[in-house]
Structure formats: structure tokens, C-alpha cells
Amino acid sequence: MLNRFNLKAWLLLLPALSFLIAFTHWPTLKSIWRSFTWARSDVAPSQFVGFENYQLLLEDPVFWKVFENNFWYAVGTVPTSIALAIMMALWVNSKIRGTSLLRLAFFTPTILPMITVANIWLFFYSPQIGLFNQLLALVGIEGPNWLGDPDLALSSLMVMTVWKEAGFFMIFYLAALQTLSPELYAAAKLEGASAWRIFRKITFPLLMPTTLFVLINAILNAFKLVDHLFILTKGGPNNESNLLLYYIYETAFSFLDSYYAATLTVVMLATLAVIALVQMLLLDRKIHYR
Amino acid sequence: MSSWFQTFSKVSAYLLGILWVLPLLYAFWAAFHPPEFATKFSLTAPLTLENFESAWDQAPFFRYMLNTIVITSLILASQLFLCTLAGYALAREKFAGRGFAFALVLTQLMVMPEVLIVENYRTLAGLDLIDTYLGVGLPYLASAFGIFLLRQTFKTVPQELEDAARVEGLSGLGIIWKVFVPLAFPTYLAFSLVSVSYHWNNFLWPLVVTNTEASRPLTVGMAIFGAPESGVDWSVISAGTLIAIGPLLILFLIFQRRFIQSFMHAGIK
């Protein structure tokens with residue numbers, strides 16, 4: 001039965017599968033192929049050049065810069081967003097007054113387009129008149145140029161990213177919290193455990209599967225979400241806040257070098273593949289624990 | 001000790017909540033007050049709608065919004081249809097290569113089309129679909145996420161129901177339409193809300209494939225409108241921002257509960 005060719009099943013799958021293949025799997029293969037070729041111009045025939053593009057990549061300081069930036073960007077945004085998301089979920093799930101308003105406040109950034117909220121944050125960050133520096137001026141501190149200072153630009157992007165994402169991750173924790181049994185907490189209360197101890201010994205371990213899931217998604221987002229760069233810094237100053245996907249965009253559509261852009265894309269895909277692999281290994285462990 | 005901690009926790013919760021809506025509150029402040037109050041906060045600032053008028057005059061918001069609505073609906077309609085068929089096949093049909101087909105679907109959960117803008121742009125140029133609605137929508141017409149969600153849901157439908165429908169004389173597509181689709185309604189709703197908010201907000205791909213007002217969605221329009229080079233002031237940008245996010249925000253506020261439950265529903269699977 002299982003070995004028979006099932007025409008009906010394939011007919012049902014075909015339309016969806018062909019779109020997925022045409023815009024994900026096929027371009028992946030084409031990117032890999034193109035990363036080994038080069039042409040003088042877009043109309044000239046391309047020729048096989050072996051690893052030359054990769055040689056170029058290894059010698060490209062901007063590539064190393066954006067890769068390093070992307071690493072720090074993930075390190076800076078992922079744990080913070082997750083910690084905030086857990087806190088938000090605990091608050092919204094608790095008995096304090098106004099939880100539905102709180103939930104609304106935390107979640108709203110999720111549904112707003114990154115591009116339009118970046119416009120608002122651009123004002124918050126702007127040098128003299130910006131909200132942050134006006135507030136700092138109130139206490140007599142002269143605020144920095146958040147987006148123009150090479151040491152601050154990437155961190156400023158991180159702050160906005162955490163603001164945008166934490167509420168989204170909160171939802172997953174909220175869903176998980178609602179499946180935890182109230183008896184467990186009643187028992188812990190009876191034993192006189194402190195709030196922190198209950199969290200550390202019961203809630204946090206039980207939320208582990210959710211944390212893993214959110215962790216992977218957050219890391220993926222750190223590589224895939226670059227919309228705010230277009231408004232806030234354009235990767236500047238001097239690539240100090242540039243990220244890999246934005247560099248791919250620049251290479252392909254500003255510098256018009258689709259061969260090098262393809263090479264960068266392959267690096268991006270390889271990074272995503274490694275993350276996927278780690279996820280599979282981790283999730284496997286989780287299943288064993290159960 | 002405990003009550004001190006609780007008070008502290010409560011105050012932090014409210015402070016964080018206020019911090020989180022601050023950008024939106026600011027947008028409202030700047031949009032409804034004259035430009036000279038955009039960076040000055042005073043209780044006596046007069047209210048005005050002029051910023052909305054000038055934003056409306058300076059960018060074709062109506063056209064952008066129409067484009068966004070058409071693109072989002074096109075994508076959603078196609079996704080719902082194609083993912084239903086594929087999800088059903090993966091959940092209920094036995095066939096050689098099912099594991100492989102499912103693996104192909106799962107790969108796309110990792111590698112979203114935006115990572116592949118370079119090659120996808122070439123494909124679209126080859127098809128002569130640059131700057132068209134179809135071009136913006138094409139890479140998203142099938143959704144791995146949608147297939148995955150529907151597969152999980154269809155798997156939980158009891159076999160007896162399907163058998164009973166077959167006895168009643170329903171055929172393949174009839175069973176999907178009359179039995180599976182109605183039972184999966186919460187999943188459809190959840191997926192639709194997630195999909196609409198994703199594509200309403202999508203930016204990078206539309207930026208790459210659109211050139212003119214003819215197909216440019218709100219996000220791309222806003223990026224051009226809000227660029228510092230365009231010399232538009234904060235108040236007008238804020239007004240434009242509110243116009244752009246207005247429809248989705250209103251929808252969200254009305255169906256808040258549904259929205260959040262849907263995101264939760266989609267997240268647990």
C-alpha cells in the first residue's frame with residue numbers, strides 16, 4: 001500500500017509544493033551554483049571560477065564586520081527578549097489588576113510594521129530634539145548621537161528589536177503557562193516556598209520546551225529581520241550596525257554584484273542550516289527527557 | 001517581605017507596560033498637535049488634524065493601502081486554498097515519498113523567501129512580473145507554516161468521520177470541503193490572522209520587486225515617505241504612520257482576544 005504511487009495525494013500536494021520549491025529550494029540551489037561563477041556584467045555570459053568568490057569573501061573586511069555584528073546582535077537581543085517575555089507572561093498570567101490592558105500593551109508592537117515604528121524610534125533617537133536626549137537633558141546630561149555614534153548604533157538597534165519582539169515571545173510563554181497545573185503551585189505554597197524559589201524550581205524548568213522553541217525563533221529572527229536598518233542607520237556609520245541580510249541587499253541591489261551577493265546568501269543559508277541542526281539535536285534531547 | 005516584593009513587581013509591570021506603548025502614544029501626540037509641539041510636551045498644545053491632511057496630500061496613501069489590501073488578500077486566498085490541499089494530503093493520505101515531501105515543507109519554515117531575494121528577484125524579472133501584485137505575492141502563495149498547521153489539525157480528525165462521509169457518497173474534494181474545513185475553523189482563523197499581519201507588515205521583498213505606486217504596499221511607501229531626505233517633519237510622519245497602521249490597529253483592538261488567542265493557537269502546534 002505504502003509503496004503504491006498515490007496520484008491523488010501528489011495532485012493535492014503539487015500546487016503548494018511547486019511554489020515552495022520554485023521560491024525556496026530552487027533558488028537555494030541556484031545561489032550555490034552562482035556563488036561559484038562570475039561575469040563581467042549582467043549581460044556577459046558567466047563562467048565557473050571555483051572558490052574565487054569565497055576567497056573574496058574571506059578577504060572582505062565588511063563581511064567579517066557584518067557577521068560579527070550579527071553575532072553580537074543575536075547575543076544582545078535574544079536573551080533579553082526571552083527574559084522580558086517570561087516576565088511579561090508571568091505578570092499577565094498573575095492576579096494583578098489590569099492584566100488585559102498589560103497584555104495589550106506588551107503585544108501591540110508585534111502587529112505594527114517594523115518600518116513604521118522605526119520612523120517613530122528615529123525620532124526617539126535623534127540627536128538634539130529626540131525624546132531620549134530631551135529626557136537626559138532634564139537631568140542635565142547631554143545625550144549622545146544614538147544612531148550616529150559607532151559605539152552605540154548597533155546597541156540602539158538592539159533596544160528597538162527587543163521592544164518589538166518581547167511581546168511576541170510572551171504569547172508562547174502565556175500559552176505554556178496556562179497548561180501548568182495549579183495543584184503544583186498549591187503544594188509549593190503549602191511548603192512555604194518563596195516566589196523566586198517557585199519560579200526557579202517549578203515554572204522555569206517546565207517552560208524549558210517553550211524556551212527552546214522561542215530561542216531558535218529569536219536567533220532566526222536576528223538574522224532575518226533587517227527592516228529597521230533601512231530607516232534607522234542604513235547599516236552605518238561605516239558598517240558599524242550593518243547586518244548580513246542588509247549587506248546581501250546592498251551587494252545585490254546597490255552594488256549590483258549578484259555573484260558576490262549569492263556567495264553571501266550561501267553563508268546565510270549555511271548559518272540557518274547550522275541553527276536548524278542544533279534545534280533538531282536539542283529537541284531530540286527534550287523528547288528523551290519525557 | 002513578600003508584599004514588598006509584590007508591590008515592586010506590580011509597579012515594574014505597569015512601568016514596563018507604559019514604556020511599551022510609549023512609541024505609539026508619541027505618534028498620537030505628534031500627529032494631533034501642530035509641528036512646533038512635536039518635540040515639546042505641553043498640556044495647552046492645541047489639537048489639529050492638519051498633519052493628516054498634509055500627510056494625505058504628500059503621499060498616495062489611498063493607493064498604497066489599496067495595494068496592501070489586494071496583495072494581502074491575494075496571498076491569503078491562495079495560501080488557504082493550497083495549504084488545505086497539501087495539508088490534507090500530508091495528514092490523511094498514505095504514499096511513498098510522504099516523508100520526503102514533508103521534509104521539503106519543513107525546510108521552508110527555516111529558509112523564508114526573504115533570505116533568497118537575489119535569486120527570487122531574477123526569477124521574477126525572468127517572468128516579467130516586476131512591479132505587479134502577482135510579483136509581490138508569488139513567493140508567498142503557498143505557506144509551509146500553513147501546511148504544517150493544517151496537517152497537525154487534520155491529523156486529529158477521527159477516521160470514522162471521514163469513513164461516514166464516504167458512505168454518504170462524498171468524494172475526495174467533497175470530504176475536504178464538507179468535513180475537514182469546517183472542523184479546522186479555529187486553525188484557519190489563527191493562520192489567517194498571523195498571515196495577514198505578516199504580509200501587511202512585510203517590507204524587504206516588496207521593496208525589491210516594486211518600482212512605482214502601481215504595486216507599492218504601505219510599508220514601502222512609508223519607508224520612502226519617512227526617509228530623512230524627503231524632508232517631511234515629525235508631525236506629518238507620525239500622522240502618516242497612524243494612517244498606515246490604522247486599519248490593522250483598529251482591527252486588532254476590536255478582535256484583541258481573538259488575535260492573541262490565534263497567535264497562541266498557532267504557536268503551540
# chains A, B, ... in the order shown; residues from 1 in each chain; ligands from 1
$ interface_residues --of "chain B" --to "chain A" --cutoff "7 Å" --atoms "only C-alpha atoms" --output "PyMOL selection string"
chain B and resi 13+17+20-21+23+27+39+82-83+85-86+89+93-96+108+110+113+115-116+118-120+139+141-142+197+201+203-204+219+222-223+226-227+241+245+264+267
$ write_last_selection --atoms "N, CA and C atoms" --output "compact mmCIF listing (two decimals), in the first residue's frame"
# COMPACT_ATOMS: atom_id res chain seq x y z
N ALA B 13 5.68 46.05 36.44
CA ALA B 13 4.81 45.59 35.35
C ALA B 13 4.14 46.78 34.67
N GLY B 17 4.75 48.31 30.94
CA GLY B 17 3.59 48.44 30.05
C GLY B 17 3.53 49.82 29.42
N TRP B 20 6.16 50.29 26.91
CA TRP B 20 5.90 49.56 25.67
C TRP B 20 4.93 50.29 24.74
N VAL B 21 4.01 51.09 25.30
CA VAL B 21 3.07 51.81 24.42
C VAL B 21 3.55 53.23 24.13
N PRO B 23 5.99 54.55 22.30
CA PRO B 23 6.16 54.98 20.90
C PRO B 23 4.83 55.28 20.22
N ALA B 27 3.35 58.85 18.80
CA ALA B 27 2.86 59.05 17.44
C ALA B 27 1.51 59.77 17.48
N THR B 39 8.17 68.28 19.45
CA THR B 39 9.27 67.96 20.36
C THR B 39 9.10 68.67 21.70
N LEU B 82 -4.30 26.41 -1.23
CA LEU B 82 -3.22 25.47 -1.50
C LEU B 82 -2.80 24.69 -0.25
N CYS B 83 -2.79 25.36 0.90
CA CYS B 83 -2.35 24.69 2.13
C CYS B 83 -3.38 23.65 2.58
N LEU B 85 -5.23 21.73 0.57
CA LEU B 85 -4.99 20.53 -0.24
C LEU B 85 -3.74 19.80 0.23
N ALA B 86 -2.65 20.55 0.38
CA ALA B 86 -1.38 19.92 0.75
C ALA B 86 -1.44 19.36 2.17
N ALA B 89 -3.34 16.10 2.16
CA ALA B 89 -2.55 15.00 1.59
C ALA B 89 -1.52 14.49 2.60
N GLU B 93 -3.32 11.00 3.62
CA GLU B 93 -3.03 10.06 2.53
C GLU B 93 -1.76 9.30 2.85
N LYS B 94 -1.78 8.00 2.50
CA LYS B 94 -0.55 7.22 2.66
C LYS B 94 0.09 7.09 1.29
N PHE B 95 1.36 7.43 1.17
CA PHE B 95 2.02 7.27 -0.13
C PHE B 95 3.53 7.29 0.02
N ALA B 96 4.17 6.67 -0.92
CA ALA B 96 5.63 6.67 -0.93
C ALA B 96 6.12 8.09 -1.15
N GLN B 108 11.23 24.95 4.41
CA GLN B 108 10.84 26.33 4.15
C GLN B 108 10.48 27.09 5.42
N MET B 110 12.36 27.16 7.87
CA MET B 110 13.67 27.71 8.26
C MET B 110 14.10 28.81 7.30
N PRO B 113 11.46 33.00 2.12
CA PRO B 113 11.84 33.59 0.83
C PRO B 113 12.66 34.88 0.94
N VAL B 115 15.24 35.56 2.54
CA VAL B 115 16.68 35.32 2.52
C VAL B 115 17.17 35.19 1.07
N LEU B 116 16.26 34.76 0.20
CA LEU B 116 16.65 34.46 -1.17
C LEU B 116 16.26 35.56 -2.15
N VAL B 118 17.85 37.64 -3.83
CA VAL B 118 18.66 37.83 -5.04
C VAL B 118 18.16 36.94 -6.18
N GLU B 119 18.06 35.63 -5.89
CA GLU B 119 17.62 34.70 -6.94
C GLU B 119 16.14 34.88 -7.26
N ASN B 120 15.33 35.13 -6.23
CA ASN B 120 13.90 35.30 -6.48
C ASN B 120 13.63 36.54 -7.33
N PRO B 139 6.09 34.57 -4.26
CA PRO B 139 6.88 33.68 -3.41
C PRO B 139 6.12 33.21 -2.17
N LEU B 141 2.66 32.44 -2.13
CA LEU B 141 1.33 31.89 -2.43
C LEU B 141 1.09 30.56 -1.74
N ALA B 142 2.14 29.81 -1.45
CA ALA B 142 2.00 28.64 -0.60
C ALA B 142 2.79 28.90 0.67
N SER B 197 -1.19 39.69 9.34
CA SER B 197 -0.32 40.67 10.00
C SER B 197 1.11 40.55 9.48
N ASN B 201 2.73 43.75 7.08
CA ASN B 201 3.94 44.39 7.58
C ASN B 201 5.20 44.06 6.79
N PHE B 203 8.24 43.89 4.30
CA PHE B 203 8.90 45.04 3.70
C PHE B 203 9.96 44.70 2.67
N LEU B 204 10.90 43.83 3.03
CA LEU B 204 12.10 43.66 2.21
C LEU B 204 11.78 43.19 0.79
N THR B 219 4.09 49.60 3.53
CA THR B 219 5.38 49.60 4.21
C THR B 219 6.45 50.28 3.37
N MET B 222 5.77 53.94 3.12
CA MET B 222 6.13 54.65 4.35
C MET B 222 7.63 54.85 4.46
N ALA B 223 8.40 53.87 3.97
CA ALA B 223 9.86 53.99 4.06
C ALA B 223 10.33 55.17 3.22
N GLY B 226 8.95 58.45 4.90
CA GLY B 226 9.58 58.82 6.17
C GLY B 226 11.07 59.05 6.07
N ALA B 227 11.66 58.78 4.90
CA ALA B 227 13.11 58.94 4.77
C ALA B 227 13.52 60.38 5.07
N THR B 241 2.18 57.59 9.72
CA THR B 241 2.31 56.31 10.41
C THR B 241 0.96 55.82 10.91
N ILE B 245 -0.88 52.36 9.92
CA ILE B 245 -1.16 51.25 10.83
C ILE B 245 -2.62 51.24 11.29
N MET B 264 -1.49 32.39 19.95
CA MET B 264 -1.19 31.32 20.88
C MET B 264 -1.47 29.97 20.23
N GLY B 267 1.04 29.11 17.87
CA GLY B 267 2.34 28.90 18.48
C GLY B 267 2.50 27.54 19.15
$ select_by_dssp --residues "range 30-121 of chain A" --states "strand (DSSP E or B)" --output "MDAnalysis selection string"
chainID A and resid 37:38 47:48
$ select_by_dssp --residues "range 156-250 of chain A" --states "alpha helix (DSSP H)" --output "ChimeraX atom specification"
/A:156-177,182-190,195-198,204-206,208-224,227-232,244-249
$ closest_residue --among "B:Ile243, B:Leu106, B:Ala165, B:Leu149" --to "Tyr88 in chain B" --atoms "only C-alpha atoms"
B:Leu149
$ residues_around --residues "Val196 in chain B" --least-positions-apart "6" --cutoff "9 Å" --atoms "only C-alpha atoms" --output "PyMOL selection string"
chain B and resi 72-73+75-76
$ closest_residue --among "A:Thr233, A:Phe36, A:Arg197, A:Ala218" --to "Gln55 in chain A" --atoms "only C-alpha atoms"
A:Phe36
$ residues_around --residues "range 176-193 of chain B" --least-positions-apart "2" --cutoff "10 Å" --atoms "only C-alpha atoms" --output "ChimeraX atom specification"
/B:73,76-77,79-80,84-85,88,145-147,149-150,152-157,161-162,165,170-174,195-198,252,258-267,269
$ write_last_selection --atoms "N, CA and C atoms" --output "compact mmCIF listing (two decimals), in the first residue's frame"
# COMPACT_ATOMS: atom_id res chain seq x y z
N SER B 73 -4.72 40.06 0.46
CA SER B 73 -5.85 39.16 0.19
C SER B 73 -5.48 38.10 -0.82
N LEU B 76 -3.41 35.54 0.99
CA LEU B 76 -4.19 34.75 1.94
C LEU B 76 -5.09 33.75 1.23
N ALA B 77 -5.81 34.23 0.20
CA ALA B 77 -6.74 33.35 -0.51
C ALA B 77 -6.00 32.15 -1.09
N GLN B 79 -3.04 30.97 -0.17
CA GLN B 79 -2.49 30.13 0.90
C GLN B 79 -3.54 29.21 1.48
N LEU B 80 -4.73 29.76 1.75
CA LEU B 80 -5.78 28.95 2.38
C LEU B 80 -6.13 27.77 1.47
N THR B 84 -4.68 23.90 2.29
CA THR B 84 -5.69 22.92 2.64
C THR B 84 -5.44 21.62 1.89
N LEU B 85 -5.23 21.73 0.57
CA LEU B 85 -4.99 20.53 -0.24
C LEU B 85 -3.74 19.80 0.23
N TYR B 88 -4.03 18.32 3.77
CA TYR B 88 -4.86 17.11 3.77
C TYR B 88 -4.04 15.92 3.27
N PHE B 145 4.24 27.10 6.77
CA PHE B 145 3.63 27.22 8.09
C PHE B 145 2.16 26.81 8.05
N GLY B 146 1.45 27.29 7.02
CA GLY B 146 0.03 26.96 6.87
C GLY B 146 -0.16 25.46 6.65
N ILE B 147 0.67 24.87 5.79
CA ILE B 147 0.57 23.43 5.53
C ILE B 147 0.80 22.67 6.83
N LEU B 149 0.45 23.71 10.00
CA LEU B 149 -0.65 23.89 10.96
C LEU B 149 -1.85 23.03 10.57
N LEU B 150 -2.23 23.06 9.28
CA LEU B 150 -3.42 22.33 8.85
C LEU B 150 -3.18 20.82 8.93
N GLN B 152 -1.33 19.29 11.12
CA GLN B 152 -1.50 18.92 12.53
C GLN B 152 -2.97 18.85 12.90
N THR B 153 -3.76 19.79 12.42
CA THR B 153 -5.18 19.81 12.76
C THR B 153 -5.92 18.66 12.10
N PHE B 154 -5.67 18.44 10.80
CA PHE B 154 -6.37 17.38 10.06
C PHE B 154 -6.06 16.00 10.64
N LYS B 155 -4.87 15.86 11.21
CA LYS B 155 -4.48 14.58 11.78
C LYS B 155 -5.38 14.18 12.96
N THR B 156 -5.96 15.18 13.64
CA THR B 156 -6.77 14.89 14.82
C THR B 156 -8.22 14.55 14.47
N VAL B 157 -8.61 14.67 13.19
CA VAL B 157 -9.99 14.35 12.81
C VAL B 157 -10.15 12.83 12.82
N LEU B 161 -15.28 9.73 10.98
CA LEU B 161 -15.98 10.84 10.32
C LEU B 161 -15.74 10.80 8.82
N GLU B 162 -14.47 10.55 8.46
CA GLU B 162 -14.13 10.51 7.05
C GLU B 162 -14.84 9.33 6.37
N ALA B 165 -18.51 10.00 5.86
CA ALA B 165 -18.74 10.90 4.74
C ALA B 165 -18.63 10.16 3.42
N LEU B 170 -19.83 11.16 -0.48
CA LEU B 170 -18.97 12.32 -0.76
C LEU B 170 -17.66 11.83 -1.37
N SER B 171 -17.13 12.62 -2.31
CA SER B 171 -15.87 12.22 -2.95
C SER B 171 -14.72 13.01 -2.32
N GLY B 172 -13.51 12.74 -2.76
CA GLY B 172 -12.28 13.35 -2.23
C GLY B 172 -12.40 14.80 -1.85
N LEU B 173 -12.57 15.69 -2.85
CA LEU B 173 -12.61 17.12 -2.56
C LEU B 173 -13.81 17.48 -1.70
N GLY B 174 -14.92 16.75 -1.91
CA GLY B 174 -16.13 16.99 -1.13
C GLY B 174 -15.88 16.75 0.35
N SER B 195 -1.03 35.33 9.12
CA SER B 195 -0.61 35.61 7.76
C SER B 195 -0.88 37.06 7.38
N VAL B 196 -2.08 37.56 7.70
CA VAL B 196 -2.40 38.94 7.35
C VAL B 196 -1.46 39.91 8.04
N SER B 197 -1.19 39.69 9.34
CA SER B 197 -0.32 40.67 10.00
C SER B 197 1.11 40.55 9.48
N TYR B 198 1.50 39.36 9.07
CA TYR B 198 2.84 39.21 8.48
C TYR B 198 2.96 39.96 7.15
N PHE B 252 -7.17 45.06 15.25
CA PHE B 252 -6.54 44.37 16.37
C PHE B 252 -7.22 44.72 17.69
N ARG B 258 -9.28 37.50 20.18
CA ARG B 258 -9.15 36.52 19.09
C ARG B 258 -7.72 36.51 18.55
N PHE B 259 -7.20 37.72 18.33
CA PHE B 259 -5.85 37.86 17.78
C PHE B 259 -4.85 37.12 18.66
N ILE B 260 -4.87 37.45 19.94
CA ILE B 260 -3.87 36.89 20.84
C ILE B 260 -4.06 35.38 20.97
N GLN B 261 -5.35 34.96 21.06
CA GLN B 261 -5.60 33.52 21.13
C GLN B 261 -5.12 32.82 19.86
N SER B 262 -5.30 33.48 18.72
CA SER B 262 -4.87 32.87 17.47
C SER B 262 -3.36 32.72 17.41
N PHE B 263 -2.65 33.75 17.86
CA PHE B 263 -1.19 33.64 17.87
C PHE B 263 -0.77 32.52 18.83
N MET B 264 -1.49 32.39 19.95
CA MET B 264 -1.19 31.32 20.88
C MET B 264 -1.47 29.97 20.23
N HIS B 265 -2.62 29.86 19.60
CA HIS B 265 -3.04 28.63 18.93
C HIS B 265 -1.98 28.22 17.90
N ALA B 266 -1.55 29.21 17.11
CA ALA B 266 -0.56 28.91 16.07
C ALA B 266 0.80 28.57 16.69
N GLY B 267 1.04 29.11 17.87
CA GLY B 267 2.34 28.90 18.48
C GLY B 267 2.50 27.54 19.15
N LYS B 269 1.21 24.60 18.29
CA LYS B 269 1.28 23.44 17.39
C LYS B 269 2.70 22.92 17.22
$ residues_around --residues "Val209 in chain B" --least-positions-apart "3" --cutoff "12 Å" --atoms "only C-alpha atoms" --output "PyMOL selection string"
(chain A and resi 253) or (chain B and resi 114+117-125+128-139+203-206+212-217+220)
$ residues_around --residues "range 47-49 of chain B" --least-positions-apart "4" --cutoff "12 Å" --atoms "only C-alpha atoms" --output "PyMOL selection string"
chain B and resi 28-38+42-43+53-56+235-236+238-240
$ residues_around --residues "Gly236 in chain A" --least-positions-apart "2" --cutoff "12 Å" --atoms "only C-alpha atoms" --output "tab-separated table (two decimals) with C-alpha atoms, in the first residue's frame"
chain	number	residue	atom	x	y	z
A	62	VAL	CA	32.93	44.25	5.59
A	65	LYS	CA	32.22	43.06	10.25
A	66	VAL	CA	28.58	42.27	9.44
A	69	ASN	CA	27.71	42.39	14.17
A	146	TRP	CA	22.49	57.26	19.42
A	147	LEU	CA	22.47	56.21	15.78
A	148	GLY	CA	25.48	58.19	14.57
A	149	ASP	CA	27.96	57.06	17.21
A	150	PRO	CA	29.84	53.93	16.00
A	151	ASP	CA	29.86	52.54	19.54
A	152	LEU	CA	26.13	52.99	20.09
A	153	ALA	CA	24.45	52.40	16.73
A	154	LEU	CA	24.15	48.60	16.97
A	157	LEU	CA	19.05	48.88	17.05
A	229	LEU	CA	18.05	49.23	9.30
A	230	PHE	CA	16.55	50.84	6.23
A	231	ILE	CA	15.11	53.63	8.37
A	232	LEU	CA	17.39	53.94	11.36
A	233	THR	CA	21.01	53.53	10.28
A	234	LYS	CA	21.29	52.03	6.78
A	238	ASN	CA	30.81	52.82	8.45
A	239	ASN	CA	29.04	49.41	8.66
A	240	GLU	CA	29.10	49.51	12.46
A	241	SER	CA	25.44	48.48	12.59
A	242	ASN	CA	25.29	46.53	9.34
A	243	LEU	CA	23.80	43.02	9.39
A	246	TYR	CA	21.14	44.00	4.78
A	247	TYR	CA	24.63	43.55	3.32
$ atom_distance --atom1 "CA of Val105 in chain B" --atom2 "CA of Gly87 in chain B"
10.2 Å
$ atom_distance --atom1 "CA of Phe61 in chain B" --atom2 "CA of Ala244 in chain B"
7.6 Å
$ atom_distance --atom1 "CA of Trp33 in chain A" --atom2 "CA of Gly50 in chain A"
10.0 Å
